$ cat structure-v4.txt   # compact mmCIF, C-alpha atoms
# COMPACT_ATOMS: atom_id res chain seq x y z
CA MET A 191 0.00 0.00 0.00
CA ILE A 192 1.36 3.44 -0.98
CA PRO A 193 1.73 5.76 2.08
CA ILE A 194 -0.23 9.03 2.17
CA SER A 195 3.04 11.01 2.03
CA GLY A 196 3.94 9.18 -1.19
CA VAL A 197 0.57 10.06 -2.72
CA LEU A 198 1.02 13.70 -1.70
CA MET A 199 4.48 13.78 -3.29
CA VAL A 200 3.05 12.40 -6.55
CA ILE A 201 0.28 15.03 -6.49
CA ILE A 202 2.86 17.77 -5.83
CA GLY A 203 4.96 16.44 -8.71
CA ILE A 204 2.00 16.54 -11.10
CA LEU A 205 0.99 20.06 -10.01
CA VAL A 206 4.56 21.34 -10.39
CA PHE A 207 4.93 19.79 -13.84
CA GLU A 208 1.62 21.29 -14.96
CA LEU A 209 2.65 24.70 -13.56
CA ILE A 210 5.70 24.62 -15.84
CA ILE A 211 3.51 23.66 -18.82
CA PHE A 212 0.98 26.36 -17.88
CA LEU A 213 3.63 29.10 -17.88
CA HIS A 214 4.98 27.84 -21.23
CA GLU A 215 1.53 28.06 -22.84
CA LEU A 216 0.90 31.37 -21.07
CA GLY A 217 3.86 32.80 -22.99
CA HIS A 218 2.16 31.90 -26.29
CA PHE A 219 -1.21 33.14 -24.99
CA MET A 220 -0.05 36.57 -23.76
CA THR A 221 1.95 37.41 -26.88
CA ALA A 222 -0.89 36.20 -29.14
CA LYS A 223 -3.33 38.47 -27.32
CA LYS A 224 -0.79 41.33 -27.40
CA PHE A 225 -0.53 41.08 -31.20
CA GLY A 226 -4.31 40.74 -31.70
CA VAL A 227 -4.41 37.03 -32.60
CA LYS A 228 -7.68 35.25 -31.86
CA VAL A 229 -7.10 32.48 -29.29
CA LYS A 230 -9.73 29.76 -29.66
CA GLU A 231 -8.75 27.61 -26.68
CA PHE A 232 -6.28 27.67 -23.80
CA ALA A 233 -5.96 24.14 -22.39
CA LEU A 234 -4.03 22.59 -19.53
CA GLY A 235 -3.58 18.84 -19.90
CA MET A 236 -4.48 16.60 -22.84
CA GLY A 237 -7.39 14.32 -23.70
CA PRO A 238 -11.07 14.75 -22.77
CA LYS A 239 -12.18 17.98 -21.08
CA ILE A 240 -13.06 17.66 -17.38
CA LEU A 241 -13.59 21.39 -16.70
CA LYS A 242 -14.23 24.24 -19.10
CA PHE A 243 -15.57 27.78 -19.27
CA GLN A 244 -15.92 30.38 -22.01
CA LYS A 245 -14.67 33.92 -21.53
CA GLY A 246 -15.04 36.15 -24.54
CA GLU A 247 -13.78 34.41 -27.65
CA THR A 248 -11.55 31.94 -25.76
CA LEU A 249 -12.48 28.56 -24.27
CA TYR A 250 -10.46 27.72 -21.15
CA SER A 251 -10.26 24.01 -20.34
CA LEU A 252 -8.70 21.53 -17.95
CA ARG A 253 -8.17 18.12 -19.54
CA LEU A 254 -7.93 14.63 -18.10
CA PHE A 255 -4.28 13.70 -18.68
CA PRO A 256 -1.74 16.03 -16.97
CA ILE A 257 0.94 15.57 -19.63
CA GLY A 258 0.93 18.87 -21.49
CA GLY A 259 -1.28 21.68 -22.72
CA PHE A 260 -1.86 23.91 -25.71
CA CYS A 261 -2.85 27.38 -26.89
CA SER A 262 -4.99 27.01 -30.03
CA MET A 263 -4.98 30.09 -32.27
CA GLU A 264 -7.15 30.93 -35.26
CA GLY A 265 -5.34 30.15 -38.53
CA GLU A 266 -2.40 28.49 -36.80
CA ASP A 267 -2.57 25.19 -38.69
CA GLU A 268 -5.05 26.03 -41.43
CA ASP A 269 -6.01 28.81 -43.84
CA SER A 270 -8.32 31.44 -42.37
CA ASP A 271 -9.91 34.59 -43.75
CA ASP A 272 -10.21 36.07 -40.27
CA GLU A 273 -8.12 39.25 -40.05
CA ARG A 274 -7.12 38.22 -36.53
CA ALA A 275 -5.78 34.84 -37.67
CA PHE A 276 -2.24 33.84 -36.71
CA GLY A 277 -1.24 33.51 -40.37
CA LYS A 278 -2.36 37.07 -41.14
CA LYS A 279 0.11 38.65 -38.73
CA ALA A 280 3.58 39.91 -39.72
CA VAL A 281 6.18 37.16 -39.67
CA TRP A 282 8.20 38.82 -36.88
CA LYS A 283 5.12 38.84 -34.66
CA ARG A 284 4.52 35.15 -35.32
CA ILE A 285 8.17 34.38 -34.50
CA ILE A 286 7.78 36.13 -31.14
CA ILE A 287 4.51 34.29 -30.39
CA VAL A 288 6.04 30.89 -31.20
CA ALA A 289 9.27 31.56 -29.25
CA ALA A 290 7.47 33.10 -26.25
CA GLY A 291 6.71 29.75 -24.59
CA ALA A 292 10.36 28.69 -24.45
CA ILE A 293 11.44 32.20 -23.41
CA MET A 294 8.92 32.08 -20.55
CA ASN A 295 10.42 28.76 -19.38
CA ILE A 296 13.94 30.19 -19.43
CA LEU A 297 12.85 33.30 -17.51
CA LEU A 298 11.10 31.08 -14.97
CA GLY A 299 14.32 29.07 -14.65
CA LEU A 300 16.28 32.24 -13.88
CA VAL A 301 13.82 33.25 -11.16
CA MET A 302 13.98 29.77 -9.63
CA MET A 303 17.78 29.83 -9.74
CA ILE A 304 17.81 33.08 -7.74
CA ILE A 305 15.41 31.60 -5.16
CA VAL A 306 17.53 28.44 -4.83
CA LEU A 307 20.85 30.32 -4.52
CA ALA A 308 19.78 33.32 -2.41
CA PRO A 309 19.76 31.56 1.02
CA GLU A 310 23.25 30.08 0.53
CA LYS A 311 26.04 31.64 2.60
CA TYR A 312 28.68 30.69 0.03
CA PHE A 313 28.90 29.43 -3.54
CA ALA A 314 31.33 26.83 -4.83
CA SER A 315 34.05 28.07 -7.18
CA SER A 316 36.13 26.01 -9.62
CA THR A 317 39.44 26.71 -7.84
CA ILE A 318 40.98 23.88 -5.79
CA ALA A 319 41.29 24.74 -2.08
CA ALA A 320 42.37 21.44 -0.47
CA PHE A 321 42.73 17.71 -1.11
CA SER A 322 41.42 14.75 0.85
CA GLU A 323 44.01 12.58 2.57
CA ASN A 324 45.92 10.42 0.06
CA ALA A 325 43.96 11.95 -2.82
CA PRO A 326 45.11 10.32 -6.10
CA SER A 327 44.44 13.52 -8.08
CA SER A 328 46.95 15.49 -5.97
CA GLN A 329 49.75 13.83 -7.98
CA TYR A 330 48.72 16.05 -10.89
CA LEU A 331 46.62 18.91 -9.53
CA GLN A 332 47.62 21.54 -6.97
CA VAL A 333 45.91 23.87 -4.51
CA GLY A 334 45.15 27.11 -6.36
CA ASP A 335 44.54 25.42 -9.73
CA GLU A 336 41.58 26.98 -11.51
CA ILE A 337 39.81 24.18 -13.39
CA GLN A 338 38.98 25.16 -16.97
CA SER A 339 37.81 21.86 -18.44
CA ILE A 340 37.25 18.20 -17.46
CA ASN A 341 37.32 15.56 -20.21
CA GLY A 342 36.97 18.40 -22.72
CA TYR A 343 33.85 19.81 -21.04
CA GLY A 344 34.33 23.51 -20.26
CA ILE A 345 33.95 24.47 -16.58
CA LEU A 346 32.17 27.78 -15.96
CA SER A 347 30.54 26.92 -12.64
CA SER A 348 30.38 24.23 -9.97
CA MET A 349 27.38 22.77 -11.81
CA ASP A 350 29.61 22.07 -14.82
CA MET A 351 32.06 20.26 -12.55
CA ASN A 352 29.28 18.14 -11.03
CA PHE A 353 27.99 17.24 -14.50
CA ALA A 354 31.47 16.34 -15.74
CA PHE A 355 32.05 13.99 -12.80
CA ALA A 356 28.55 12.51 -12.99
CA THR A 357 29.01 11.60 -16.66
CA ALA A 358 32.63 10.40 -16.41
CA LYS A 359 32.93 6.82 -17.65
CA THR A 360 36.28 6.05 -16.02
CA PRO A 361 38.33 7.41 -13.06
CA ASP A 362 41.10 8.28 -15.53
CA MET A 363 40.23 11.86 -16.51
CA SER A 364 41.60 14.75 -18.54
CA PHE A 365 41.97 18.15 -16.85
CA LYS A 366 42.88 21.60 -18.16
CA VAL A 367 43.77 24.05 -15.40
CA LYS A 368 45.11 27.58 -15.05
CA ARG A 369 48.13 27.63 -12.70
CA ASN A 370 50.05 30.84 -11.97
CA GLY A 371 48.74 32.41 -15.18
CA GLU A 372 49.75 29.39 -17.29
CA THR A 373 47.33 26.89 -18.87
CA LEU A 374 48.30 23.26 -18.23
CA THR A 375 46.75 20.01 -19.47
CA PHE A 376 46.87 16.66 -17.65
CA ASP A 377 45.51 13.68 -19.58
CA HIS A 378 45.51 10.94 -16.92
CA VAL A 379 44.37 12.42 -13.63
CA GLN A 380 43.36 9.51 -11.40
CA PHE A 381 40.42 9.42 -8.97
CA GLY A 382 38.98 6.83 -6.63
CA THR A 383 35.55 5.31 -7.23
CA THR A 384 32.54 4.27 -5.19
CA GLN A 385 29.43 2.27 -6.03
CA SER A 386 25.87 3.54 -6.15
CA ARG A 387 22.91 1.54 -4.82
CA ASP A 388 22.34 -0.01 -8.24
CA GLY A 389 25.96 -1.13 -8.46
CA LYS A 390 27.08 1.57 -10.89
CA GLU A 391 30.68 2.78 -10.47
CA ILE A 392 30.86 6.50 -9.67
CA VAL A 393 34.00 8.64 -9.87
CA GLN A 394 34.67 10.16 -6.45
CA LEU A 395 35.72 13.78 -6.03
CA ASP A 396 38.78 13.97 -3.76
CA PHE A 397 39.31 17.73 -3.43
CA LYS A 398 37.47 20.79 -2.14
CA VAL A 399 37.07 24.12 -3.92
CA LEU A 400 37.28 27.71 -2.69
CA ALA A 401 34.09 29.33 -1.40
CA ILE A 402 32.61 32.47 -2.98
CA GLU A 403 30.85 34.83 -0.55
CA ASN A 404 27.18 35.43 -1.23
CA ASN A 405 26.59 39.11 -1.94
CA PHE A 406 24.32 40.76 -4.50
CA GLY A 407 26.94 40.91 -7.27
CA ASN A 408 28.04 37.30 -6.76
CA LEU A 409 24.42 36.13 -6.50
CA MET A 410 23.60 37.68 -9.88
CA GLY A 411 26.80 36.31 -11.40
CA GLN A 412 26.13 32.81 -10.07
CA THR A 413 22.49 32.97 -11.20
CA PHE A 414 23.45 33.62 -14.81
CA SER A 415 26.52 31.35 -14.90
CA GLN A 416 24.72 28.40 -13.30
CA SER A 417 21.64 28.98 -15.47
CA PHE A 418 23.87 28.94 -18.55
CA SER A 419 25.52 25.77 -17.21
CA THR A 420 22.11 24.15 -16.77
CA ILE A 421 21.07 25.00 -20.34
CA ARG A 422 24.42 23.72 -21.62
CA MET A 423 23.93 20.55 -19.58
CA VAL A 424 20.59 19.99 -21.34
CA TRP A 425 22.25 20.39 -24.75
CA ALA A 426 25.11 18.07 -23.75
CA SER A 427 22.60 15.47 -22.54
CA LEU A 428 20.65 15.65 -25.82
CA ILE A 429 23.86 15.25 -27.82
CA GLY A 430 24.82 12.33 -25.57
CA LEU A 431 21.44 10.71 -26.25
CA VAL A 432 21.86 11.06 -30.04
CA THR A 433 25.48 9.82 -30.01
CA GLY A 434 24.70 6.87 -27.74
CA GLN A 435 26.53 8.17 -24.66
CA PHE A 436 23.24 7.93 -22.75
CA GLY A 437 20.59 5.24 -23.19
CA LEU A 438 16.79 5.37 -23.04
CA ASN A 439 16.94 4.31 -19.39
CA GLU A 440 18.47 7.72 -18.64
CA VAL A 441 15.64 9.62 -20.37
CA ALA A 442 12.48 10.63 -18.48
CA GLY A 443 9.04 11.58 -19.76
CA PRO A 444 6.17 13.18 -17.79
CA VAL A 445 5.82 10.10 -15.54
CA GLY A 446 9.56 10.00 -14.82
CA MET A 447 9.74 13.74 -14.22
CA THR A 448 6.79 13.59 -11.81
CA SER A 449 8.54 10.75 -9.98
CA ALA A 450 11.81 12.70 -9.86
CA ILE A 451 10.04 15.77 -8.44
CA SER A 452 8.30 13.64 -5.81
CA GLN A 453 11.46 11.76 -4.78
CA ALA A 454 13.62 14.90 -4.57
CA THR A 455 11.01 16.71 -2.49
CA ALA A 456 10.50 13.74 -0.15
CA ALA A 457 14.26 13.34 0.35
CA GLY A 458 14.60 17.02 1.27
CA LEU A 459 11.62 16.96 3.64
CA GLU A 460 13.35 14.24 5.67
CA LYS A 461 15.84 16.96 6.71
CA SER A 462 13.71 20.10 6.81
CA PHE A 463 10.89 21.97 5.08
CA TRP A 464 13.39 24.29 3.37
CA ASP A 465 15.47 21.37 2.05
CA GLY A 466 12.30 19.86 0.60
CA LEU A 467 11.30 23.16 -0.99
CA SER A 468 14.85 23.76 -2.25
CA ASN A 469 15.00 20.31 -3.85
CA LEU A 470 11.59 20.86 -5.44
CA LEU A 471 12.64 24.22 -6.87
CA PHE A 472 15.93 22.80 -8.16
CA VAL A 473 14.25 19.94 -10.04
CA MET A 474 11.60 22.36 -11.35
CA MET A 475 14.37 24.67 -12.53
CA VAL A 476 16.13 21.89 -14.46
CA ILE A 477 12.83 20.75 -16.02
CA THR A 478 11.74 24.26 -17.06
CA PHE A 479 15.15 24.97 -18.65
CA ASN A 480 14.90 21.55 -20.31
CA LEU A 481 11.45 22.33 -21.70
CA GLY A 482 12.61 25.71 -22.98
CA VAL A 483 15.68 24.29 -24.73
CA VAL A 484 13.99 21.22 -26.22
CA ASN A 485 11.09 23.28 -27.58
CA LEU A 486 13.52 25.47 -29.51
CA LEU A 487 15.06 22.49 -31.31
CA PRO A 488 14.23 22.42 -35.05
CA ILE A 489 11.96 19.39 -34.65
CA PRO A 490 8.64 19.26 -36.54
CA ALA A 491 5.56 19.81 -34.31
CA LEU A 492 7.66 21.60 -31.67
CA ASP A 493 8.02 25.38 -31.44
CA GLY A 494 11.51 25.14 -32.93
CA GLY A 495 10.15 23.34 -35.99
CA ARG A 496 7.58 26.09 -36.50
CA LEU A 497 10.30 28.72 -36.11
CA VAL A 498 12.25 27.08 -38.96
CA PHE A 499 9.30 27.57 -41.33
CA LEU A 500 8.82 31.16 -40.16
CA ILE A 501 12.50 31.95 -40.70
CA ILE A 502 12.28 30.42 -44.19
CA GLU A 503 9.24 32.62 -44.83
CA ALA A 504 11.11 35.71 -43.61
CA ILE A 505 14.01 34.93 -45.98
CA ARG A 506 11.86 33.97 -49.01
CA ARG A 507 9.30 36.71 -48.28
CA LYS A 508 6.53 34.20 -48.84
CA PRO A 509 5.29 31.32 -46.68
CA VAL A 510 5.75 27.63 -47.33
CA LYS A 511 2.47 26.11 -48.56
CA PRO A 512 0.33 25.40 -45.47
CA GLU A 513 -0.42 21.83 -46.59
CA HIS A 514 3.30 21.07 -46.92
CA GLU A 515 4.11 22.51 -43.50
CA GLY A 516 1.06 20.75 -42.05
CA TRP A 517 2.26 17.34 -43.28
CA VAL A 518 5.73 17.91 -41.84
CA HIS A 519 4.29 18.81 -38.45
CA PHE A 520 1.79 15.92 -38.60
CA ILE A 521 4.54 13.36 -39.23
CA GLY A 522 6.68 14.98 -36.55
CA MET A 523 3.78 14.82 -34.07
CA ILE A 524 3.21 11.11 -34.77
CA LEU A 525 6.91 10.37 -34.21
CA LEU A 526 6.97 12.48 -31.03
CA LEU A 527 3.87 10.75 -29.65
CA LEU A 528 5.41 7.36 -30.43
CA PHE A 529 8.62 8.43 -28.67
CA MET A 530 6.61 9.69 -25.68
CA VAL A 531 4.72 6.38 -25.45
CA ILE A 532 8.01 4.45 -25.40
CA ILE A 533 9.51 6.79 -22.78
CA SER A 534 6.35 6.70 -20.64
CA ILE A 535 6.25 2.88 -20.70
CA ASN A 536 9.91 2.91 -19.67
CA ASP A 537 9.10 5.40 -16.89
CA ILE A 538 6.28 3.20 -15.56
CA ILE A 539 8.48 0.09 -15.61
CA ARG A 540 11.18 1.96 -13.64
CA LEU A 541 8.55 3.27 -11.23
CA PHE A 542 7.51 -0.26 -10.27
CA THR A 543 10.96 -1.89 -10.38
CA SER A 544 13.19 0.79 -8.78

$ encode --input "structure-v4.txt" --output "structure tokens"
Amino acid sequence: MIPISGVLMVIIGILVFELIIFLHELGHFMTAKKFGVKVKEFALGMGPKILKFQKGETLYSLRLFPIGGFCSMEGEDEDSDDERAFGKKAVWKRIIIVAAGAIMNILLGLVMMIIVLAPEKYFASSTIAAFSENAPSSQYLQVGDEIQSINGYGILSSMDMNFAFATAKTPDMSFKVKRNGETLTFDHVQFGTTQSRDGKEIVQLDFKVLAIENNFGNLMGQTFSQSFSTIRMVWASLIGLVTGQFGLNEVAGPVGMTSAISQATAAGLEKSFWDGLSNLLFVMMVITFNLGVVNLLPIPALDGGRLVFLIIEAIRRKPVKPEHEGWVHFIGMILLLLFMVIISINDIIRLFTS
């Protein structure tokens, strides 16, 4: 039997995920209204309607499955003679409307990053301050070394360093550091390893880094640098998925993300309310940056795919035939739905076996 706390965590996870989707669609909605586009429906969730109300020309609905949402505009996917149709607006306005959802997610991520970082007394730098006793890496690295890259992955913040170690395949790593104004490269820096609960070997960090005092200037600097690192981490993960560095078991859909939100929040609440809230905000931040980045990819049916056609229209000074664009997006949607089904099945299997 699932404990009440577990059910509450799942509910929190669903609500948080839908909040991120809501703000994404709100970006499309607000810019569409700003530019005079007729919005036919603003929906949260997918599938059959469970709640709905009409206000003015727009139907607002809550749908059964909490796995997405949409902002349906007049003339978005079909020809329309309505002067307020999406297709009747200047191409630059349509580009802003389409990109607004992803931009909203990225702005939300920045706000969440500030909230997560603000209570910290210090931030972690990328400069080595001390080594653990008998640290293998101390044979190559020194106190005062400013780490510039690990295994070719550029280090701009502590988040980059965490990602580099988390994705390291072996304890034999390549480091580029700045030492006394000189850039040095070490190709075989050794580290110890430990095993995770599932038996996976994890490279163990054996040094500490200098602390950065939390003041307004450093808080703003860390907010933007760590936000950039998070976005770069999303790109690196996507590239790793395409190149085979990561497998499908390391990809999460809505079910997996809800589970991750719930688990992170529950783990934090075991320590304190703030730790639970901080964990929740951190996972939300990663997901909202993820949603913003992925939606800007030039994939049919996603915002990025639509942007490609709009950019082509801006260059050619005439739109691609609607039926041609429609078929591209339709095929893309079918492939995306198929991918989501596979990922969701994988998520459910992990949920019951992990």

$ closest_residue --input "structure-v4.txt" --among "A:His218, A:Lys398, A:His514, A:Lys228" --to "Lys279 (chain A)" --atoms "all atoms listed in the file"
A:Lys228

$ atom_distance --input "structure-v4.txt" --atom1 "CA of Leu527 (chain A)" --atom2 "CA of Gly237 (chain A)"
13.2 Å

$ closest_residue --input "structure-v4.txt" --among "A:Val306, A:Leu252, A:Met423, A:Trp282" --to "Asn469 (chain A)" --atoms "only C-alpha atoms"
A:Val306

$ atom_distance --input "structure-v4.txt" --atom1 "CA of Ala401 (chain A)" --atom2 "CA of Glu336 (chain A)"
12.8 Å

$ closest_residue --input "structure-v4.txt" --among "A:Lys311, A:His214, A:Lys230, A:Lys359" --to "Ala289 (chain A)" --atoms "only C-alpha atoms"
A:His214

$ atom_distance --input "structure-v4.txt" --atom1 "CA of Gln394 (chain A)" --atom2 "CA of Asp362 (chain A)"
11.3 Å

$ closest_residue --input "structure-v4.txt" --among "A:Phe499, A:Trp464, A:Phe212, A:Phe529" --to "Glu515 (chain A)" --atoms "all atoms listed in the file"
A:Phe499

$ closest_residue --input "structure-v4.txt" --among "A:Ile532, A:Ile337, A:Ile240, A:Ala491" --to "Gly516 (chain A)" --atoms "all atoms listed in the file"
A:Ala491
